[in-house]
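As structure tokens, the structure follows; a few thoughts come after it.
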Amino acid sequence: MPELPEADAARRRIADHCLHRTIEGFTIGEVSHVDLPPTDQLDRFIGTQLTRTHRHGKYIFAGSVDGPWMHIHLGMAGSLRVWDDGGDVPDYARLTVNFEGGRRLTFRDPRKFGHVQMVADVDQFVADKGLGPDAMQIGDNAFANVIGGTRGAVKSALLDQGKLAGIGNLWADESLYRTGIMPDAKASDLPAEQIAALHTTVQDVMGTVMDKNADYSQLPRDWLIHNRTDGADCTRCDGTITKMTVGGRTSYHCPAHQT
DNA sequence: TGATATGTTTTACT
DNA sequence: CAGTAAAACATATC
């Protein structure tokens, strides 16, 4: 379920298990309709090593100081798996990086909405994509300006990757639930204190998910993520979880304590 | 069987 | 320009 925290957990798997190993080659899985680098671009990585990783919003980068970078976007259902030769090949494998010593890094993507591409310059890529500041890095003033300056629904603003990058549907709902703001509240009508509280909560929610390595079973039981069902009992008041559509996205909230 | 889905992009309209 | 809405992408799951 890839939003910023899930992307960061994936990035960490590369950082912890795949750096400083010479790339021997690539194995391409089912390629139809999957956006992968052309073979000649992949070939440029052969013989090099990944030495560092980076993440901006939901975009993962892996590369080296003087070599090419690859960027990975997990789309709706993508994930990264690290394994060793001799183990089971992950299902839905689209692209596997083969390192020396048998280490394998597989991009798997059941729904094929993700992509992997080679990028020359990370900062340039982020600029070209028009991404806003990373949601974990954005400061108080910038957050207040970008959210408070939006005339539309606050949730739509949170999800706008051009305003700030990394928040997706699940953690937008979670953050609004915990801050007590209705998803369809007009952002520019929110008092400054509430926007400040939302900023704190967004970073707290996603920081917690990262701390738990995006393992949802380790998240507190009173989080909305465990109760995203129409009609469920609210864990924060005596209200009832209700489903609505905001900005074309399914939104779960509690109308009793979110206003 | 049909509805729904965690993301992004494009197009069209207000 | 800011915002809304819908569709498309390809497939798995409930």
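Ligands are numbered from 1 in the order shown, residues from 1 within each chain, and chains are lettered A, B, ... in the order they appear in the structure tokens.
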
Which chain A residues have any atom within 9 Å of an atom of chain B, and for each, what is the nearest pair of atoms with distance in Å to one decimal, counting only C-alpha atoms (C1' of nucleotides), rows sorted by chain and number, as CSV?
```
residue,atom,partner,partner_atom,distance
A:Met1,CA,B:DT6,C1',4.7
A:Pro2,CA,B:DT6,C1',6.1
A:Glu3,CA,B:DT6,C1',7.2
A:Leu74,CA,B:DG7,C1',8.5
A:Gly75,CA,B:DG7,C1',5.2
A:Met76,CA,B:DG7,C1',5.3
A:Ala77,CA,B:DT6,C1',7.0
A:Phe113,CA,B:DG7,C1',7.6
A:Gly114,CA,B:DG7,C1',8.4
A:Gly168,CA,B:DT6,C1',7.2
A:Asn169,CA,B:DT6,C1',6.6
A:Leu170,CA,B:DT6,C1',6.7
```

Give me, as a PyMOL selection string, the contact residues of chain C against chain A at a cut-off of 7 Å, counting only C-alpha atoms (C1' of nucleotides).
chain C and resi 3+10-11

Could you pull the residues within 8 Å of Gly162 (chain A), counting only C-alpha atoms (C1' of nucleotides), minus those fewer than 5 positions along the same chain, as an mmCIF file with N, CA, C and O atoms, in the first residue's frame?
```cif
data_model
loop_
_atom_site.group_PDB
_atom_site.id
_atom_site.type_symbol
_atom_site.label_atom_id
_atom_site.label_comp_id
_atom_site.auth_asym_id
_atom_site.auth_seq_id
_atom_site.Cartn_x
_atom_site.Cartn_y
_atom_site.Cartn_z
ATOM 1 N N GLY A 130 7.153 18.415 -11.033
ATOM 2 C CA GLY A 130 6.346 19.443 -10.388
ATOM 3 C C GLY A 130 5.951 19.074 -8.970
ATOM 4 O O GLY A 130 4.926 19.531 -8.466
ATOM 5 N N LEU A 131 6.763 18.231 -8.325
ATOM 6 C CA LEU A 131 6.435 17.798 -6.971
ATOM 7 C C LEU A 131 6.690 18.919 -5.968
ATOM 8 O O LEU A 131 7.672 19.657 -6.073
ATOM 9 N N GLY A 132 5.817 19.019 -4.993
ATOM 10 C CA GLY A 132 6.024 19.947 -3.897
ATOM 11 C C GLY A 132 7.046 19.391 -2.926
ATOM 12 O O GLY A 132 7.615 18.320 -3.159
#
```

One-decimal distance in Å that lies between CA of Phe45 (chain A) and CA of Gly87 (chain A):
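About the pair CA of Gly87 (chain A) and CA of Phe45 (chain A): they are 23.8 Å apart.
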
Selection near region 215-224 of chain A, 8 Å with only C-alpha atoms (C1' of nucleotides), sequence-local residues under 6 positions removed, as a ChimeraX atom specification
/A:173-174,177,208-209,235-236

File of the preceding selection, N, CA and C atoms, as an mmCIF file, in the first residue's frame:
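Result file follows (result10.cif):
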```cif
data_model
loop_
_atom_site.group_PDB
_atom_site.id
_atom_site.type_symbol
_atom_site.label_atom_id
_atom_site.label_comp_id
_atom_site.auth_asym_id
_atom_site.auth_seq_id
_atom_site.Cartn_x
_atom_site.Cartn_y
_atom_site.Cartn_z
ATOM 1 N N ASP A 173 -6.721 10.277 5.186
ATOM 2 C CA ASP A 173 -7.885 9.984 6.028
ATOM 3 C C ASP A 173 -7.486 9.856 7.496
ATOM 4 N N GLU A 174 -6.394 9.129 7.722
ATOM 5 C CA GLU A 174 -5.941 8.899 9.100
ATOM 6 C C GLU A 174 -5.616 10.225 9.789
ATOM 7 N N TYR A 177 -8.761 12.250 10.490
ATOM 8 C CA TYR A 177 -9.490 11.568 11.570
ATOM 9 C C TYR A 177 -8.904 11.949 12.923
ATOM 10 N N THR A 208 5.153 7.521 12.355
ATOM 11 C CA THR A 208 4.870 6.285 13.090
ATOM 12 C C THR A 208 4.848 5.092 12.145
ATOM 13 N N VAL A 209 4.225 5.256 10.983
ATOM 14 C CA VAL A 209 4.171 4.148 10.024
ATOM 15 C C VAL A 209 5.583 3.777 9.576
ATOM 16 N N THR A 235 -13.287 4.986 17.045
ATOM 17 C CA THR A 235 -12.463 4.649 18.211
ATOM 18 C C THR A 235 -12.181 5.864 19.075
ATOM 19 N N ARG A 236 -12.635 7.025 18.627
ATOM 20 C CA ARG A 236 -12.301 8.242 19.366
ATOM 21 C C ARG A 236 -13.505 8.903 20.020
#
```

A straight line from CA of Val31 (chain A) to CA of Ser79 (chain A) spans 16.0 Å

Computed interatomic separation between CA of Met136 (chain A) and CA of Thr106 (chain A) (Å):
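CA of Thr106 (chain A) lies 26.4 Å from CA of Met136 (chain A).
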
For the structure I just gave you, how does DSSP split region 75-237 of chain A - specifically, which residues are alpha helix (DSSP H)? Reply as a PyMOL selection string.
chain A and resi 122-129+140-148+154-159+169-179+192-211

Please save C-alpha atoms of the selected residues as a PDB file, in the first residue's frame.
```
ATOM      1  CA  VAL A 122      17.239  13.505  -8.980  1.00  0.00           C
ATOM      2  CA  ASP A 123      16.610  17.184  -8.285  1.00  0.00           C
ATOM      3  CA  GLN A 124      15.858  17.822 -11.918  1.00  0.00           C
ATOM      4  CA  PHE A 125      13.454  14.891 -11.971  1.00  0.00           C
ATOM      5  CA  VAL A 126      11.590  16.209  -8.928  1.00  0.00           C
ATOM      6  CA  ALA A 127      11.394  19.653 -10.518  1.00  0.00           C
ATOM      7  CA  ASP A 128      10.199  18.291 -13.840  1.00  0.00           C
ATOM      8  CA  LYS A 129       7.494  16.277 -12.109  1.00  0.00           C
ATOM      9  CA  ASP A 140       5.196  24.989   9.444  1.00  0.00           C
ATOM     10  CA  ASN A 141       4.986  28.087   7.305  1.00  0.00           C
ATOM     11  CA  ALA A 142       5.097  26.321   3.975  1.00  0.00           C
ATOM     12  CA  PHE A 143       2.444  23.836   5.117  1.00  0.00           C
ATOM     13  CA  ALA A 144       0.189  26.610   6.377  1.00  0.00           C
ATOM     14  CA  ASN A 145       0.587  28.548   3.152  1.00  0.00           C
ATOM     15  CA  VAL A 146       0.017  25.650   0.809  1.00  0.00           C
ATOM     16  CA  ILE A 147      -2.955  24.175   2.676  1.00  0.00           C
ATOM     17  CA  GLY A 148      -4.470  27.400   3.941  1.00  0.00           C
ATOM     18  CA  VAL A 154      -8.579  20.073   2.643  1.00  0.00           C
ATOM     19  CA  LYS A 155      -8.208  16.418   1.737  1.00  0.00           C
ATOM     20  CA  SER A 156      -7.753  17.244  -1.936  1.00  0.00           C
ATOM     21  CA  ALA A 157      -4.995  19.655  -0.936  1.00  0.00           C
ATOM     22  CA  LEU A 158      -3.244  16.976   1.133  1.00  0.00           C
ATOM     23  CA  LEU A 159      -3.359  14.579  -1.803  1.00  0.00           C
ATOM     24  CA  ASN A 169      -5.562   8.356   0.475  1.00  0.00           C
ATOM     25  CA  LEU A 170      -5.065   6.193   3.556  1.00  0.00           C
ATOM     26  CA  TRP A 171      -2.834   8.500   5.551  1.00  0.00           C
ATOM     27  CA  ALA A 172      -4.797  11.580   4.494  1.00  0.00           C
ATOM     28  CA  ASP A 173      -7.885   9.984   6.028  1.00  0.00           C
ATOM     29  CA  GLU A 174      -5.941   8.899   9.100  1.00  0.00           C
ATOM     30  CA  SER A 175      -4.517  12.373   9.654  1.00  0.00           C
ATOM     31  CA  LEU A 176      -7.861  14.123   9.280  1.00  0.00           C
ATOM     32  CA  TYR A 177      -9.490  11.568  11.570  1.00  0.00           C
ATOM     33  CA  ARG A 178      -6.956  12.169  14.294  1.00  0.00           C
ATOM     34  CA  THR A 179      -7.020  15.945  13.887  1.00  0.00           C
ATOM     35  CA  ALA A 192      -4.485  28.553  11.719  1.00  0.00           C
ATOM     36  CA  GLU A 193      -4.284  26.419  14.862  1.00  0.00           C
ATOM     37  CA  GLN A 194      -6.126  23.598  13.139  1.00  0.00           C
ATOM     38  CA  ILE A 195      -3.818  23.731  10.124  1.00  0.00           C
ATOM     39  CA  ALA A 196      -0.841  23.659  12.454  1.00  0.00           C
ATOM     40  CA  ALA A 197      -2.325  20.668  14.261  1.00  0.00           C
ATOM     41  CA  LEU A 198      -2.908  18.926  10.943  1.00  0.00           C
ATOM     42  CA  HIS A 199       0.699  19.479   9.975  1.00  0.00           C
ATOM     43  CA  THR A 200       1.861  17.903  13.226  1.00  0.00           C
ATOM     44  CA  THR A 201      -0.514  14.982  12.841  1.00  0.00           C
ATOM     45  CA  VAL A 202       0.409  14.267   9.224  1.00  0.00           C
ATOM     46  CA  GLN A 203       4.069  13.982  10.163  1.00  0.00           C
ATOM     47  CA  ASP A 204       3.285  12.032  13.311  1.00  0.00           C
ATOM     48  CA  VAL A 205       1.099   9.548  11.441  1.00  0.00           C
ATOM     49  CA  MET A 206       3.549   8.940   8.643  1.00  0.00           C
ATOM     50  CA  GLY A 207       6.512   8.980  11.003  1.00  0.00           C
ATOM     51  CA  THR A 208       4.870   6.285  13.090  1.00  0.00           C
ATOM     52  CA  VAL A 209       4.171   4.148  10.024  1.00  0.00           C
ATOM     53  CA  MET A 210       7.819   4.475   9.015  1.00  0.00           C
ATOM     54  CA  ASP A 211       8.944   3.578  12.535  1.00  0.00           C
TER      55      ASP A 211
END
```
